There are 2 protein chains.
Amino acid sequence: MEKDFFLHRKTIRRYTSADISDKLLYSLIEKAVQAPTLGGMQLYSVVVTRDAAMKQRLAPCHFGQPMVTQAPVVLTFCADFHRFEQWCLASGAEPGYGNFQSFIGAMLDATILAQQFVTAAEMEGLGCCYLGTTTYNAPEIARVLGLPDKVVPILTVTLGYPLDPASEPKAERIPTSAIVHHEQYAGCTAASIKEIYAEKEALEVNKKYVAENAKPSLAHVFTDIRYNRANNEYFSRVLRDFLEAQGYPFPTE
Amino acid sequence: MEKDFFLHRKTIRRYTSADISDKLLYSLIEKAVQAPTLGGMQLYSVVVTRDAAMKQRLAPCHFGQPMVTQAPVVLTFCADFHRFEQWCLASGAEPGYGNFQSFIGAMLDATILAQQFVTAAEMEGLGCCYLGTTTYNAPEIARVLGLPDKVVPILTVTLGYPLDPASEPKAERIPTSAIVHHEQYAGCTAASIKEIYAEKEALEVNKKYVAENAKPSLAHVFTDIRYNRANNEYFSRVLRDFLEAQGYPFPTE
């Protein structure tokens, strides 16, 4: 494995029909669980979906993104205080994890696990795609997967052997200097912020995107269409209600 | 880099006095930003702390854990919609990211970035330790680092060359089968849950830990001392108030 591995990685959205054995899958999860976890508590679970009917049920939760039904394996990474709490109860201890900060800790754990899994899988030549839709439709995903109290789906990864990796786009990134701050956060001016995003805005693919959507700028495609306020606010309420239903109420006093 | 890299990794808590050049640090962050990010938005920032006086100010935010002042570099990974929003405003677009779901998206982005950074650093022979205290004392960390609206510190990583890696403990993990579920979440019984944690409870280091704290079981050390209800509930309120102050209010209606 070369050291520059990360500079060449890509998100893979199309897969061959080749299956992934449980043996390989477990060996990758075995590597993933070596990632750091809060107090060693391992506040996560992974639900493996292989069954075609189950994928059909998950697909609308991810707004019909084709990877869900096309990938041989779909993995749902969950923040999970359920198992740890069951252990506390079985030990006669009284768990106090029905709160927002505990959810945040479990969410960090599940995300770190997912990312280490993705890296381990990519190192084996597999291709992965994260679906950022999981926290939007968490209630329905939880119903499909039978998630109990204190288990919240956080990230979904579709997994398979790459069909045509050369055709998958390389991610565009703003200059690294824009995300690094020394000692204190460095603010930006209207001029400096436009410069940071200039290369991104100048890409042919993004110009086409702006034209197709008949918007005045690339930023408008994000604010008016892809990640608009109405959706963000609606799904904020859905997630708040779901966290409460799963046993992680927001603090009210 | 060998494929079994992850099986041998360890969290490193003690570092040599050798410094880490900005060139090396940037090359690692360059690798980290190749990780997936929500809609390509890169909703994160990293604040680099090298200054001894700044480390002294951060140390109490992490309950005095010695890594903060001992490590040559301390990195605070932040969920950041500020930069993206500034770009939207400079483009004449109207951002709608002052809500809970947007915070969750930025938190996922920052966590994925942090984990890819940790892996890239470890592959270079550096040692890392996550501090899970960042979301507890986020308000004070934000003051020290001068974090603006919509920037929330999520995870801290201490970084340096390992002083004595052989002396650092290898992480204990429950059986992988306990965290993997096929098609649907598999519940557990009181007997099966005790079996999952049996090996962990039997470790000499954990038996000693229980005895030192004069508790009836290992679970009690977690529920009564390390991650107790009163602290979790207190820091839930602190984080709720801080998210609101940073421009991510919880949905109220």
# chains A, B, ... in the order shown; residues from 1 in each chain; ligands from 1
$ interface_residues --of "chain A" --to "chain B" --cutoff "7 Å" --atoms "only C-alpha atoms" --output "VMD selection string"
chain A and resid 1 to 3 6 to 7 30 to 31 34 38 44 to 49 86 to 88 90 to 91 93 to 97 99 to 102 108 111 to 112 115 132 145 to 147 176 179 to 185 190 193 to 194 217 219 to 220 223 228 to 229 232 to 233 235 to 237 251
$ atom_distance --atom1 "CA of Glu199 in chain A" --atom2 "CA of Ala214 in chain A"
20.3 Å
$ select_by_dssp --residues "range 63-248 of chain B" --states "strand (DSSP E or B)" --output "PyMOL selection string"
chain B and resi 73-80+127-131+151-160+162+180-182
$ write_last_selection --atoms "N, CA and C atoms" --output "mmCIF file, in the first residue's frame"
data_model
loop_
_atom_site.group_PDB
_atom_site.id
_atom_site.type_symbol
_atom_site.label_atom_id
_atom_site.label_comp_id
_atom_site.auth_asym_id
_atom_site.auth_seq_id
_atom_site.Cartn_x
_atom_site.Cartn_y
_atom_site.Cartn_z
ATOM 1 N N VAL B 73 2.030 19.346 18.581
ATOM 2 C CA VAL B 73 0.925 19.950 17.839
ATOM 3 C C VAL B 73 -0.407 19.453 18.386
ATOM 4 N N VAL B 74 -1.320 20.384 18.588
ATOM 5 C CA VAL B 74 -2.692 20.046 18.967
ATOM 6 C C VAL B 74 -3.600 20.553 17.847
ATOM 7 N N LEU B 75 -4.466 19.677 17.352
ATOM 8 C CA LEU B 75 -5.371 20.053 16.260
ATOM 9 C C LEU B 75 -6.812 20.011 16.742
ATOM 10 N N THR B 76 -7.532 21.094 16.525
ATOM 11 C CA THR B 76 -8.949 21.107 16.861
ATOM 12 C C THR B 76 -9.753 21.072 15.560
ATOM 13 N N PHE B 77 -10.482 19.981 15.357
ATOM 14 C CA PHE B 77 -11.312 19.808 14.164
ATOM 15 C C PHE B 77 -12.695 20.403 14.448
ATOM 16 N N CYS B 78 -13.125 21.275 13.553
ATOM 17 C CA CYS B 78 -14.373 22.003 13.768
ATOM 18 C C CYS B 78 -15.386 21.746 12.661
ATOM 19 N N ALA B 79 -16.648 21.592 13.051
ATOM 20 C CA ALA B 79 -17.767 21.646 12.103
ATOM 21 C C ALA B 79 -17.894 23.105 11.697
ATOM 22 N N ASP B 80 -17.914 23.382 10.398
ATOM 23 C CA ASP B 80 -17.791 24.772 9.947
ATOM 24 C C ASP B 80 -18.694 25.043 8.739
ATOM 25 N N GLY B 127 2.172 9.603 15.919
ATOM 26 C CA GLY B 127 1.216 9.056 16.867
ATOM 27 C C GLY B 127 0.149 10.085 17.183
ATOM 28 N N CYS B 128 -1.086 9.601 17.383
ATOM 29 C CA CYS B 128 -2.229 10.490 17.608
ATOM 30 C C CYS B 128 -3.031 10.030 18.813
ATOM 31 N N CYS B 129 -3.681 11.005 19.443
ATOM 32 C CA CYS B 129 -4.667 10.682 20.476
ATOM 33 C C CYS B 129 -5.852 11.627 20.335
ATOM 34 N N TYR B 130 -7.058 11.063 20.226
ATOM 35 C CA TYR B 130 -8.272 11.871 20.237
ATOM 36 C C TYR B 130 -8.596 12.280 21.670
ATOM 37 N N LEU B 131 -9.067 13.492 21.837
ATOM 38 C CA LEU B 131 -9.606 13.915 23.132
ATOM 39 C C LEU B 131 -11.121 14.048 22.984
ATOM 40 N N VAL B 151 -19.158 27.868 13.637
ATOM 41 C CA VAL B 151 -17.970 27.010 13.779
ATOM 42 C C VAL B 151 -18.008 26.396 15.177
ATOM 43 N N VAL B 152 -18.014 25.068 15.241
ATOM 44 C CA VAL B 152 -18.159 24.337 16.500
ATOM 45 C C VAL B 152 -17.030 23.310 16.610
ATOM 46 N N PRO B 153 -16.220 23.379 17.677
ATOM 47 C CA PRO B 153 -15.161 22.374 17.840
ATOM 48 C C PRO B 153 -15.772 21.011 18.163
ATOM 49 N N ILE B 154 -15.297 19.981 17.470
ATOM 50 C CA ILE B 154 -15.919 18.651 17.538
ATOM 51 C C ILE B 154 -14.965 17.616 18.130
ATOM 52 N N LEU B 155 -13.734 17.622 17.650
ATOM 53 C CA LEU B 155 -12.755 16.625 18.084
ATOM 54 C C LEU B 155 -11.388 17.282 18.165
ATOM 55 N N THR B 156 -10.595 16.877 19.137
ATOM 56 C CA THR B 156 -9.224 17.357 19.241
ATOM 57 C C THR B 156 -8.287 16.171 19.069
ATOM 58 N N VAL B 157 -7.208 16.393 18.332
ATOM 59 C CA VAL B 157 -6.205 15.355 18.123
ATOM 60 C C VAL B 157 -4.858 15.904 18.589
ATOM 61 N N THR B 158 -4.194 15.184 19.497
ATOM 62 C CA THR B 158 -2.819 15.541 19.840
ATOM 63 C C THR B 158 -1.902 14.689 18.970
ATOM 64 N N LEU B 159 -0.799 15.307 18.522
ATOM 65 C CA LEU B 159 0.010 14.725 17.453
ATOM 66 C C LEU B 159 1.494 14.880 17.772
ATOM 67 N N GLY B 160 2.253 13.811 17.560
ATOM 68 C CA GLY B 160 3.691 13.889 17.767
ATOM 69 C C GLY B 160 4.337 12.563 17.391
ATOM 70 N N PRO B 162 5.940 9.139 18.371
ATOM 71 C CA PRO B 162 5.760 8.279 19.552
ATOM 72 C C PRO B 162 7.025 8.212 20.407
ATOM 73 N N VAL B 180 -22.050 -6.371 14.432
ATOM 74 C CA VAL B 180 -22.570 -6.568 13.070
ATOM 75 C C VAL B 180 -23.947 -7.232 13.130
ATOM 76 N N HIS B 181 -24.891 -6.690 12.379
ATOM 77 C CA HIS B 181 -26.259 -7.216 12.329
ATOM 78 C C HIS B 181 -26.597 -7.490 10.871
ATOM 79 N N HIS B 182 -27.247 -8.616 10.615
ATOM 80 C CA HIS B 182 -27.585 -8.976 9.234
ATOM 81 C C HIS B 182 -29.057 -8.702 8.951
#
$ select_by_dssp --residues "range 102-252 of chain B" --states "alpha helix (DSSP H)" --output "VMD selection string"
chain B and resid 102 to 123 138 to 145 190 to 196 198 to 202 204 to 212 218 to 220 229 to 245
